[in-house]
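Student: Mind having a look at this structure? Questions to follow.
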Amino acid sequence: MKTDFDAIVIGAGFAGMYMLHRLRQGGFSARVIEAGTGVGGTWYWNRYPGARCDVESVQYSYQFSPELEQDWEWTERYATQPEILGYANHVADRFDLRRDIQFETRVVKATFDEQTNLWVVETDKGDRLASRFVITAMGCLSSPNTPKIPGLADFKGPTYHTGNWPHEGVDFTGKTVGLIGTGSSAIQSIPLIARQAKHLTVFQRTANYTIPAHNAPLDPAYVRQVKASYREMRARAKTKPAGIDFDINWASAIETPDAERDRVYGARWAYGGLGFIAAFGDLLLNDESNRTAADFVRSKIREVVKDPKTAEILSPKNIIGCKRLCVDSGYWETFNRPNVTLVDVGDEPIERVTPTGLRAKGQDHDFDCLVLATGFDAMTGALLRVDFRGRGGATLKDAWREGPKTFLGLTVAGFPNLFTITGPGSPSVLTNMLPSIEQHVDWIADCLDAMRAKGLTVIEATGSAQEAWVGEVGKSANITLRSTCSSWYVGANIPGKPRVFMPYIGGLPAYIVACDEVVAGGYKGFALS
Ligand code: NA7
């Protein structure tokens, strides 16, 4: 069999783009295969109103090119989806990436051929390409979840999923809108849809915690200061569990006197953003500590939302930070608008979608358009949509029947020469994705360099190394409260999905050490040939 490429990369989001750049730098031939018509991944698909990153722009950016860091100008504290997509396109142009990306093509099958030690990659366009390595860069939240609510196909009006939003945008002016979900996508889009639509009805299954973004244009003096000390900021970020340079107060919430605790929460609330959860070191370790933060946020909801019944429905009952914390601009306030109705579907599932709306708790709700802000088959959905076949024809689906099993979230035993950027078992979604992506890409590129230098062509995680890592991922998950609720981190949003805490929660610094130790040990835990 003829080798078409040294590596095939699946996906042209931030992971796939940087992977291509590193492969080229290493002198490897590569093709990226991308389903969309353009680059950007998450930021290509999630074009719903209000979509923006909840990590601050100056940190949610590549660090591999100091020139890029200096040249690119972010305009707001939290960049909007169009601005981030513009950045992705700028990177694609700047590094001339597009000529090695095959757009509008989906990989459907990839088979490891044990005779030749090559992967055979098949696409929906009929391609059959042979490559030494396959590297997935498919994103962690890229397989949209459309819930199986009876009657969904009968709805007469348009249905939009936040994770696959029309490129031309949607004008809700004069329309009545029904929206299912109150996760991050809903929390970002609800305030904007409410401002435009005639009426918006929100169907909430689980109330969610959100922290105000206090988004604003970036102060040029602050940008100058960041640009003058980018290396230091990036280095500090790598010492933080989430890979984000924000202050962590390691004190215990419950051991802090009430007045001081309230002062700390007040200051974090006033500053805004995800750093709220770092107000105390034990918020995700200790129920009682967590309750102090949850109570603080609930008190804020009561302050903002005028109708006490609505405020009560909007008040989350679970642990704060257990589901992904959200960051918003005017979310609670939106429920004070006369054209917004909140329907609690927490105790009884939505009965059915009807041709003119939906039926919940025996009551019909009519609307012109339906928005599904119902999330994703997270972490494994995109990977399992491809029919991966490893040694002996074994499928990844079978290998992961009880939940994803990987070595370092980067490789899978039985699937040689397959790398999974930000795969399950790596910190990924619990961190700032950009530095996590770069760390994985660099690790893979360095590994390929090292293999070539030694004349090696096959790398495969051993079963025992994988088992030990899966044990480590599970052990660290059990220490935190984060693994205790029905979140997408544990696959609870997808009926029938095995309930396993999928990301590695030991923090980015510990994870980097683990990856580096494997390399220092001569790729310990891998069989190389
Ligand atoms: P999420 O956070 O998974 O939110 C999906 C929402 O949709 C959530 O409120 C779900 O309720 C709700 N949902 C899903 N299915 C149903 C049904 N059948 N009935 C009613 N409600 C339903 O996805 P997002 O897109 O908002 O955010 C994903 C990530 O992207 C986010 O964490 C950031 O990292 C960026 P549930 O909570 O499951 O009860």
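Ordering of the structure tokens sets the chain letters (A, B, ...), residue numbers begin anew at 1 in every chain, and ligands are numbered from 1 in the order given.
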Where does stretch 25-75 of chain A meet stretch 164-185 of chain A within 8 Å, residue by residue, with the nearest atom pair and distance in Å to one decimal for each, counting only C-alpha atoms, listed by chain and rising number, as JSON lines?
Tutor:
{"residue": "A:Trp45", "atom": "CA", "partner": "A:Asn164", "partner_atom": "CA", "distance": 5.1}
{"residue": "A:Asn46", "atom": "CA", "partner": "A:Asn164", "partner_atom": "CA", "distance": 5.8}
{"residue": "A:Arg47", "atom": "CA", "partner": "A:Trp165", "partner_atom": "CA", "distance": 5.3}
{"residue": "A:Tyr48", "atom": "CA", "partner": "A:Trp165", "partner_atom": "CA", "distance": 5.7}
{"residue": "A:Ala51", "atom": "CA", "partner": "A:Ser185", "partner_atom": "CA", "distance": 7.0}
Student: Write out the residues from the selection above, keeping N, CA and C atoms, as a PDB file, in the first residue's frame.
Tutor:
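Done, and the output landed in out-v9.pdb:
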ATOM      1  N   TRP A  45     -18.975  26.472  14.093  1.00  0.00           N
ATOM      2  CA  TRP A  45     -20.330  25.893  14.186  1.00  0.00           C
ATOM      3  C   TRP A  45     -21.251  26.674  15.133  1.00  0.00           C
ATOM      4  N   ASN A  46     -20.689  27.151  16.240  1.00  0.00           N
ATOM      5  CA  ASN A  46     -21.545  27.758  17.283  1.00  0.00           C
ATOM      6  C   ASN A  46     -21.726  29.255  17.030  1.00  0.00           C
ATOM      7  N   ARG A  47     -22.634  29.587  16.093  1.00  0.00           N
ATOM      8  CA  ARG A  47     -22.797  30.988  15.694  1.00  0.00           C
ATOM      9  C   ARG A  47     -24.050  31.594  16.292  1.00  0.00           C
ATOM     10  N   TYR A  48     -24.561  31.020  17.345  1.00  0.00           N
ATOM     11  CA  TYR A  48     -25.808  31.531  17.939  1.00  0.00           C
ATOM     12  C   TYR A  48     -25.576  32.934  18.512  1.00  0.00           C
ATOM     13  N   ALA A  51     -22.809  34.197  21.339  1.00  0.00           N
ATOM     14  CA  ALA A  51     -21.739  33.207  21.555  1.00  0.00           C
ATOM     15  C   ALA A  51     -20.407  33.929  21.768  1.00  0.00           C
TER      16      ALA A  51
END
Student: Kindly provide the residues of stretch 38-57 of chain A that approach stretch 95-106 of chain A to within 12 Å, each paired with its closest atom pair and their distance in Å to one decimal, based on only C-alpha atoms, listed by chain and increasing number, as JSON lines.
Tutor:
{"residue": "A:Gly38", "atom": "CA", "partner": "A:Phe103", "partner_atom": "CA", "distance": 6.7}
{"residue": "A:Val39", "atom": "CA", "partner": "A:Arg98", "partner_atom": "CA", "distance": 8.4}
{"residue": "A:Gly40", "atom": "CA", "partner": "A:Phe103", "partner_atom": "CA", "distance": 11.8}
{"residue": "A:Gly41", "atom": "CA", "partner": "A:Phe103", "partner_atom": "CA", "distance": 11.7}
Student: Hey, can you spit out that residue selection with all heavy atoms as a compact mmCIF listing (two decimals), in the first residue's frame?
Tutor:
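Resulting contents of result_30.txt:
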# COMPACT_ATOMS: atom_id res chain seq x y z
N GLY A 38 -14.97 25.96 6.40
CA GLY A 38 -13.88 26.82 6.85
C GLY A 38 -13.25 26.30 8.12
O GLY A 38 -13.71 25.31 8.71
N VAL A 39 -12.22 27.01 8.56
CA VAL A 39 -11.53 26.62 9.80
C VAL A 39 -12.29 27.15 11.02
O VAL A 39 -13.23 27.92 10.88
CB VAL A 39 -10.08 27.17 9.82
CG1 VAL A 39 -9.25 26.61 8.67
CG2 VAL A 39 -10.07 28.71 9.81
N GLY A 40 -11.85 26.76 12.22
CA GLY A 40 -12.39 27.38 13.43
C GLY A 40 -13.12 26.44 14.38
O GLY A 40 -13.35 26.78 15.53
N GLY A 41 -13.51 25.24 13.87
CA GLY A 41 -14.12 24.25 14.77
C GLY A 41 -15.32 24.79 15.53
O GLY A 41 -16.28 25.28 14.93
Student: Go through the chains and note each residue within 7 Å of ligand 1, using only C-alpha atoms and all ligand atoms, then give the set as a ChimeraX atom specification.
Tutor: /A:141,147-149,162-163,180-186,203-206,324,345,349-350,373-376,429,487-488,493
Student: Kindly save the residues from that selection, with N, CA and C atoms included, as a compact mmCIF listing (two decimals), in the first residue's frame.
Tutor:
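In the end it all went to again_11.txt:
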# COMPACT_ATOMS: atom_id res chain seq x y z
N LEU A 141 -16.62 19.27 22.35
CA LEU A 141 -18.04 19.62 22.36
C LEU A 141 -18.44 19.93 20.93
N PRO A 147 -32.11 16.08 21.61
CA PRO A 147 -32.80 15.10 22.46
C PRO A 147 -33.95 14.43 21.71
N LYS A 148 -34.21 13.19 22.10
CA LYS A 148 -35.26 12.44 21.41
C LYS A 148 -36.62 12.77 22.04
N ILE A 149 -37.06 14.00 21.86
CA ILE A 149 -38.37 14.38 22.38
C ILE A 149 -39.40 13.98 21.32
N THR A 162 -28.17 25.37 18.78
CA THR A 162 -27.11 26.37 19.02
C THR A 162 -25.76 25.88 18.50
N GLY A 163 -25.54 24.58 18.53
CA GLY A 163 -24.26 24.03 18.13
C GLY A 163 -24.11 23.85 16.61
N ILE A 180 -35.22 25.40 24.48
CA ILE A 180 -35.03 24.31 25.45
C ILE A 180 -33.58 24.32 25.92
N GLY A 181 -33.38 24.37 27.22
CA GLY A 181 -32.03 24.30 27.79
C GLY A 181 -31.66 25.56 28.55
N THR A 182 -30.84 25.38 29.56
CA THR A 182 -30.31 26.52 30.32
C THR A 182 -28.84 26.26 30.66
N GLY A 183 -28.10 25.69 29.68
CA GLY A 183 -26.65 25.56 29.83
C GLY A 183 -25.99 26.84 29.32
N SER A 184 -24.69 26.75 29.08
CA SER A 184 -23.92 27.92 28.69
C SER A 184 -24.45 28.56 27.40
N SER A 185 -24.77 27.74 26.41
CA SER A 185 -25.23 28.28 25.13
C SER A 185 -26.55 29.03 25.32
N ALA A 186 -27.45 28.46 26.12
CA ALA A 186 -28.73 29.12 26.40
C ALA A 186 -28.49 30.41 27.18
N PHE A 203 -37.60 26.72 28.42
CA PHE A 203 -37.93 25.48 29.11
C PHE A 203 -36.68 25.00 29.85
N GLN A 204 -36.75 25.04 31.16
CA GLN A 204 -35.57 24.73 31.99
C GLN A 204 -35.73 23.38 32.68
N ARG A 205 -34.75 22.49 32.46
CA ARG A 205 -34.77 21.21 33.18
C ARG A 205 -33.98 21.33 34.47
N THR A 206 -32.79 21.93 34.39
CA THR A 206 -31.96 22.11 35.58
C THR A 206 -31.47 23.55 35.62
N ARG A 324 -20.59 22.59 34.43
CA ARG A 324 -19.70 23.67 34.00
C ARG A 324 -20.30 25.02 34.40
N VAL A 345 -39.36 22.44 33.62
CA VAL A 345 -39.65 21.06 33.20
C VAL A 345 -38.71 20.09 33.92
N PRO A 349 -40.49 15.35 32.30
CA PRO A 349 -39.91 15.65 30.97
C PRO A 349 -40.94 16.30 30.05
N ILE A 350 -40.44 17.06 29.08
CA ILE A 350 -41.32 17.62 28.05
C ILE A 350 -42.06 16.45 27.41
N ALA A 373 -31.03 24.44 22.73
CA ALA A 373 -29.72 24.78 23.33
C ALA A 373 -29.37 23.61 24.23
N THR A 374 -29.39 22.42 23.60
CA THR A 374 -29.39 21.17 24.37
C THR A 374 -28.02 20.48 24.40
N GLY A 375 -26.99 21.20 24.05
CA GLY A 375 -25.64 20.71 24.31
C GLY A 375 -25.12 19.67 23.35
N PHE A 376 -24.21 18.86 23.86
CA PHE A 376 -23.40 17.98 23.01
C PHE A 376 -23.24 16.59 23.64
N VAL A 429 -11.47 19.95 28.78
CA VAL A 429 -12.60 20.84 29.07
C VAL A 429 -12.56 21.46 30.46
N SER A 487 -23.91 15.71 35.01
CA SER A 487 -23.41 16.69 34.04
C SER A 487 -22.95 15.97 32.77
N TRP A 488 -22.61 16.75 31.76
CA TRP A 488 -22.04 16.14 30.56
C TRP A 488 -20.63 15.62 30.81
N ASN A 493 -26.01 13.55 30.23
CA ASN A 493 -27.00 14.22 29.34
C ASN A 493 -27.39 13.36 28.14
Student: Measuring atom to atom with only C-alpha atoms, identify which of A:Arg268, A:Arg385, A:Lys309, A:Arg236 is nearest to A:Ala213.
Tutor: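 Residue with the minimum atom-to-atom distance to A:Ala213: A:Arg268.
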Student: So which one's closest to A:Pro49, A:Val500, A:Val264, A:Ile211, A:Ala194? Using only C-alpha atoms, please.
Tutor: A:Ala194
Student: Per DSSP on the backbone, what are the strand (DSSP E or B) residues of stretch 393-426 of chain A, as a PyMOL selection string?
Tutor: chain A and resi 395+407+411-412+415+418-420+424+426
Student: Using only all heavy atoms, please write the residues we just selected to a file, as a compact mmCIF listing (two decimals), in the first residue's frame.
Tutor:
# COMPACT_ATOMS: atom_id res chain seq x y z
N THR A 395 -13.27 -2.40 17.33
CA THR A 395 -13.81 -1.05 17.17
C THR A 395 -13.58 -0.23 18.45
O THR A 395 -13.55 -0.77 19.55
CB THR A 395 -15.33 -1.06 16.87
OG1 THR A 395 -16.00 -1.58 18.02
CG2 THR A 395 -15.65 -1.92 15.65
N PHE A 407 -4.60 6.23 27.38
CA PHE A 407 -3.38 6.51 28.13
C PHE A 407 -3.11 8.00 27.94
O PHE A 407 -2.90 8.46 26.80
CB PHE A 407 -2.23 5.65 27.61
CG PHE A 407 -0.94 5.86 28.36
CD1 PHE A 407 -0.93 6.09 29.73
CD2 PHE A 407 0.27 5.83 27.69
CE1 PHE A 407 0.27 6.29 30.43
CE2 PHE A 407 1.47 6.02 28.38
CZ PHE A 407 1.46 6.26 29.75
N THR A 411 -3.74 8.63 23.66
CA THR A 411 -3.57 7.40 22.88
C THR A 411 -4.48 6.32 23.45
O THR A 411 -4.93 6.42 24.60
CB THR A 411 -2.12 6.89 22.97
OG1 THR A 411 -1.78 6.79 24.36
CG2 THR A 411 -1.14 7.83 22.31
N VAL A 412 -4.74 5.30 22.64
CA VAL A 412 -5.63 4.22 23.06
C VAL A 412 -4.94 2.87 22.79
O VAL A 412 -4.48 2.64 21.65
CB VAL A 412 -6.97 4.27 22.28
CG1 VAL A 412 -7.95 3.23 22.83
CG2 VAL A 412 -7.58 5.66 22.34
N PHE A 415 -4.91 0.67 19.43
CA PHE A 415 -5.07 1.58 18.29
C PHE A 415 -3.74 2.30 18.04
O PHE A 415 -3.58 3.47 18.38
CB PHE A 415 -6.21 2.58 18.55
CG PHE A 415 -7.55 1.90 18.64
CD1 PHE A 415 -7.93 1.22 19.81
CD2 PHE A 415 -8.41 1.89 17.56
CE1 PHE A 415 -9.15 0.56 19.88
CE2 PHE A 415 -9.62 1.23 17.62
CZ PHE A 415 -10.00 0.56 18.79
N LEU A 418 -2.46 6.21 16.65
CA LEU A 418 -3.63 7.10 16.72
C LEU A 418 -3.42 8.03 17.91
O LEU A 418 -3.16 7.56 19.02
CB LEU A 418 -4.91 6.28 16.91
CG LEU A 418 -6.20 7.07 17.18
CD1 LEU A 418 -6.64 7.85 15.94
CD2 LEU A 418 -7.33 6.14 17.62
N PHE A 419 -3.51 9.32 17.68
CA PHE A 419 -3.40 10.30 18.76
C PHE A 419 -4.70 11.08 18.86
O PHE A 419 -5.29 11.43 17.83
CB PHE A 419 -2.25 11.28 18.50
CG PHE A 419 -0.89 10.64 18.50
CD1 PHE A 419 -0.29 10.28 17.30
CD2 PHE A 419 -0.22 10.38 19.68
CE1 PHE A 419 0.97 9.70 17.29
CE2 PHE A 419 1.04 9.79 19.69
CZ PHE A 419 1.63 9.44 18.48
N THR A 420 -5.12 11.37 20.08
CA THR A 420 -6.39 12.06 20.29
C THR A 420 -6.13 13.38 21.02
O THR A 420 -5.93 13.37 22.25
CB THR A 420 -7.35 11.18 21.11
OG1 THR A 420 -6.66 10.75 22.29
CG2 THR A 420 -7.82 9.98 20.33
N PRO A 424 -10.57 12.21 25.94
CA PRO A 424 -11.02 11.90 27.29
C PRO A 424 -9.87 11.31 28.11
O PRO A 424 -9.10 10.50 27.59
CB PRO A 424 -12.13 10.87 27.07
CG PRO A 424 -12.00 10.39 25.67
CD PRO A 424 -11.29 11.46 24.91
N SER A 426 -7.76 13.46 29.51
CA SER A 426 -6.83 14.60 29.60
C SER A 426 -7.60 15.78 30.21
O SER A 426 -8.83 15.75 30.26
CB SER A 426 -6.25 14.94 28.23
OG SER A 426 -7.20 15.60 27.43
Student: Could you pull out all residues of stretch 28-267 of chain A with a DSSP call of helix (DSSP H, G or I) and give them as a VMD selection string?
Tutor: chain A and resid 42 to 45 66 to 71 81 to 94 98 to 100 152 to 154 162 to 164 184 to 196 220 to 228 230 to 237 258 to 267
Student: Pick out the residues sitting within 9 Å of A:Met1, and hand them over as JSON, numbers by chain; count only C-alpha atoms, and ignore anything fewer than 5 positions along from it in its own chain.
Tutor: {"A": [116, 118, 130]}
Student: Can you list, as a short mmCIF file (atom, residue, chain, number, x, y, z; two decimals) with N, CA, C and O atoms, in the first residue's frame, every protein, DNA or RNA residue that comes within 9 Å of A:Ile277 when you count only C-alpha atoms, leaving out same-chain residues fewer than 6 positions away?
Tutor:
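What ended up in selection01.cif:
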data_model
loop_
_atom_site.label_atom_id
_atom_site.label_comp_id
_atom_site.auth_asym_id
_atom_site.auth_seq_id
_atom_site.Cartn_x
_atom_site.Cartn_y
_atom_site.Cartn_z
N ILE A 248 -5.88 32.28 42.66
CA ILE A 248 -6.59 31.24 43.41
C ILE A 248 -6.35 31.51 44.88
O ILE A 248 -5.21 31.68 45.32
N ARG A 268 -15.07 38.87 44.03
CA ARG A 268 -15.00 38.00 42.84
C ARG A 268 -16.20 38.24 41.93
O ARG A 268 -16.08 38.21 40.71
N LEU A 283 -13.82 24.78 47.50
CA LEU A 283 -15.21 24.85 47.01
C LEU A 283 -15.64 23.59 46.27
O LEU A 283 -16.81 23.22 46.29
N LEU A 284 -14.67 22.93 45.64
CA LEU A 284 -15.04 21.72 44.89
C LEU A 284 -14.63 20.44 45.63
O LEU A 284 -14.63 19.35 45.06
N ALA A 293 -20.74 29.27 48.72
CA ALA A 293 -20.66 29.94 47.40
C ALA A 293 -22.01 29.87 46.70
O ALA A 293 -22.47 30.85 46.10
N ILE A 320 -22.38 24.11 43.23
CA ILE A 320 -21.86 25.10 42.27
C ILE A 320 -20.52 24.62 41.70
O ILE A 320 -19.66 24.16 42.46
N GLY A 321 -20.39 24.69 40.40
CA GLY A 321 -19.15 24.25 39.74
C GLY A 321 -19.16 22.78 39.39
O GLY A 321 -18.20 22.27 38.81
N LEU A 325 -19.53 25.82 35.14
CA LEU A 325 -19.97 27.14 35.54
C LEU A 325 -20.13 27.99 34.28
O LEU A 325 -19.34 27.89 33.35
#
Student: Taking only C-alpha atoms into account, which of A:Gln70, A:Ser299, A:Ser428, A:Asn89 comes nearest A:Pro503?
Tutor: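 The closest residue to A:Pro503 is A:Ser428.
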Student: Which residue, A:Arg52, A:Arg94, A:His199, A:His21, has the smallest gap to A:Cys369 when you use only C-alpha atoms?
Tutor: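 Of all the options, A:His199 lies closest to A:Cys369.
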Student: Find the spatial neighbours of A:Thr3, counting only C-alpha atoms, within a cut-off of 12 Å - ignore same-chain residues fewer than 3 positions away - and output them as a list of chain:residue names.
Tutor: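 Selected residues are A:Asp6, A:Ala7, A:Ile8, A:Ser29, A:Ala30, A:Asp113, A:Thr116, A:Asn117, A:Leu118, A:Trp119, A:Val120, A:Val121, A:Arg128, A:Leu129, A:Ala130, A:Ser131, A:Arg132, A:Phe133.
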Student: Save out the residues we just selected, all heavy atoms, as a CSV table (one decimal), in the first residue's frame.
Tutor:
chain,number,residue,atom,x,y,z
A,6,ASP,N,2.2,11.3,5.8
A,6,ASP,CA,2.7,10.8,7.1
A,6,ASP,C,1.6,10.8,8.1
A,6,ASP,O,1.4,9.9,9.0
A,6,ASP,CB,3.8,11.7,7.5
A,6,ASP,CG,5.0,11.6,6.6
A,6,ASP,OD1,5.3,10.5,6.2
A,6,ASP,OD2,5.7,12.6,6.4
A,7,ALA,N,0.8,11.9,8.1
A,7,ALA,CA,-0.3,12.0,9.1
A,7,ALA,C,-1.6,12.6,8.5
A,7,ALA,O,-1.5,13.5,7.6
A,7,ALA,CB,0.2,12.9,10.2
A,8,ILE,N,-2.7,12.1,8.9
A,8,ILE,CA,-4.0,12.7,8.6
A,8,ILE,C,-4.5,13.2,9.9
A,8,ILE,O,-4.6,12.5,10.9
A,8,ILE,CB,-4.9,11.6,8.0
A,8,ILE,CG1,-4.4,11.4,6.5
A,8,ILE,CG2,-6.4,12.1,8.0
A,8,ILE,CD1,-5.3,10.4,5.7
A,29,SER,N,4.5,15.1,5.9
A,29,SER,CA,3.4,15.4,5.0
A,29,SER,C,2.1,15.2,5.7
A,29,SER,O,2.0,14.2,6.5
A,29,SER,CB,3.5,14.6,3.7
A,29,SER,OG,3.4,13.2,4.0
A,30,ALA,N,1.2,16.1,5.5
A,30,ALA,CA,-0.1,16.0,6.3
A,30,ALA,C,-1.3,16.5,5.5
A,30,ALA,O,-1.1,17.4,4.7
A,30,ALA,CB,0.1,16.8,7.6
A,113,ASP,N,-4.2,-1.1,9.4
A,113,ASP,CA,-3.8,-2.3,8.7
A,113,ASP,C,-2.5,-2.9,9.3
A,113,ASP,O,-1.5,-2.3,9.3
A,113,ASP,CB,-3.5,-1.9,7.2
A,113,ASP,CG,-3.1,-3.1,6.4
A,113,ASP,OD1,-2.0,-3.4,6.4
A,113,ASP,OD2,-4.0,-3.6,5.7
A,116,THR,N,0.7,-3.5,7.0
A,116,THR,CA,1.6,-2.4,6.6
A,116,THR,C,1.8,-1.4,7.7
A,116,THR,O,2.6,-0.5,7.6
A,116,THR,CB,0.9,-1.6,5.4
A,116,THR,OG1,-0.4,-1.3,5.9
A,116,THR,CG2,0.8,-2.5,4.2
A,117,ASN,N,1.1,-1.6,8.8
A,117,ASN,CA,1.2,-0.6,9.9
A,117,ASN,C,0.8,0.8,9.5
A,117,ASN,O,1.3,1.8,9.9
A,117,ASN,CB,2.5,-0.5,10.6
A,117,ASN,CG,2.8,-1.8,11.4
A,117,ASN,OD1,1.9,-2.4,12.0
A,117,ASN,ND2,4.1,-2.2,11.4
A,118,LEU,N,-0.2,0.8,8.6
A,118,LEU,CA,-0.7,2.1,8.1
A,118,LEU,C,-2.2,2.2,8.4
A,118,LEU,O,-2.9,1.2,8.6
A,118,LEU,CB,-0.6,2.3,6.6
A,118,LEU,CG,0.8,2.3,6.0
A,118,LEU,CD1,0.8,2.3,4.5
A,118,LEU,CD2,1.6,3.6,6.5
A,119,TRP,N,-2.7,3.5,8.6
A,119,TRP,CA,-4.1,3.7,8.7
A,119,TRP,C,-4.7,3.9,7.4
A,119,TRP,O,-4.1,4.6,6.5
A,119,TRP,CB,-4.4,4.9,9.6
A,119,TRP,CG,-4.3,4.7,11.1
A,119,TRP,CD1,-3.2,4.9,11.9
A,119,TRP,CD2,-5.3,4.2,11.9
A,119,TRP,NE1,-3.4,4.5,13.2
A,119,TRP,CE2,-4.7,4.1,13.2
A,119,TRP,CE3,-6.6,3.8,11.8
A,119,TRP,CZ2,-5.5,3.6,14.3
A,119,TRP,CZ3,-7.3,3.3,12.9
A,119,TRP,CH2,-6.8,3.2,14.1
A,120,VAL,N,-5.9,3.4,7.2
A,120,VAL,CA,-6.7,3.6,5.9
A,120,VAL,C,-7.9,4.5,6.3
A,120,VAL,O,-8.7,4.0,7.1
A,120,VAL,CB,-7.1,2.3,5.2
A,120,VAL,CG1,-7.9,2.7,4.0
A,120,VAL,CG2,-5.9,1.5,4.9
A,121,VAL,N,-7.9,5.7,5.8
A,121,VAL,CA,-8.9,6.6,6.3
A,121,VAL,C,-9.9,6.8,5.1
A,121,VAL,O,-9.5,7.1,4.0
A,121,VAL,CB,-8.2,8.0,6.7
A,121,VAL,CG1,-9.3,9.1,7.0
A,121,VAL,CG2,-7.3,7.8,7.8
A,128,ARG,N,-10.0,7.4,0.0
A,128,ARG,CA,-9.4,6.3,0.7
A,128,ARG,C,-8.0,6.6,0.8
A,128,ARG,O,-7.2,6.4,-0.2
A,128,ARG,CB,-9.7,5.0,-0.1
A,128,ARG,CG,-10.0,3.8,0.8
A,128,ARG,CD,-10.2,2.6,-0.2
A,128,ARG,NE,-9.4,1.5,0.2
A,128,ARG,CZ,-9.7,0.7,1.3
A,128,ARG,NH1,-10.8,0.8,1.9
A,128,ARG,NH2,-8.8,-0.3,1.6
A,129,LEU,N,-7.5,7.1,2.0
A,129,LEU,CA,-6.2,7.6,2.1
A,129,LEU,C,-5.4,6.8,3.1
A,129,LEU,O,-5.9,6.4,4.2
A,129,LEU,CB,-6.2,9.1,2.5
A,129,LEU,CG,-7.0,10.0,1.7
A,129,LEU,CD1,-7.3,11.3,2.4
A,129,LEU,CD2,-6.3,10.2,0.3
A,130,ALA,N,-4.1,6.5,2.8
A,130,ALA,CA,-3.3,5.7,3.7
A,130,ALA,C,-2.3,6.7,4.4
A,130,ALA,O,-1.7,7.5,3.7
A,130,ALA,CB,-2.5,4.7,3.0
A,131,SER,N,-2.2,6.6,5.7
A,131,SER,CA,-1.3,7.4,6.4
A,131,SER,C,-0.6,6.6,7.6
A,131,SER,O,-1.2,5.7,8.1
A,131,SER,CB,-1.9,8.7,6.9
A,131,SER,OG,-2.8,8.4,8.0
A,132,ARG,N,0.6,7.1,8.0
A,132,ARG,CA,1.3,6.4,9.1
A,132,ARG,C,0.5,6.7,10.4
A,132,ARG,O,0.3,5.8,11.2
A,132,ARG,CB,2.7,6.9,9.1
A,132,ARG,CG,3.5,6.4,10.2
A,132,ARG,CD,3.9,5.0,10.1
A,132,ARG,NE,4.7,4.6,8.9
A,132,ARG,CZ,4.7,3.4,8.4
A,132,ARG,NH1,4.0,2.4,8.9
A,132,ARG,NH2,5.4,3.2,7.3
A,133,PHE,N,0.1,8.0,10.6
A,133,PHE,CA,-0.5,8.4,11.8
A,133,PHE,C,-1.9,9.0,11.5
A,133,PHE,O,-2.0,9.6,10.5
A,133,PHE,CB,0.4,9.5,12.5
A,133,PHE,CG,1.8,9.0,12.9
A,133,PHE,CD1,2.8,9.3,12.0
A,133,PHE,CD2,2.0,8.2,14.0
A,133,PHE,CE1,4.1,8.8,12.4
A,133,PHE,CE2,3.2,7.7,14.3
A,133,PHE,CZ,4.3,8.0,13.5
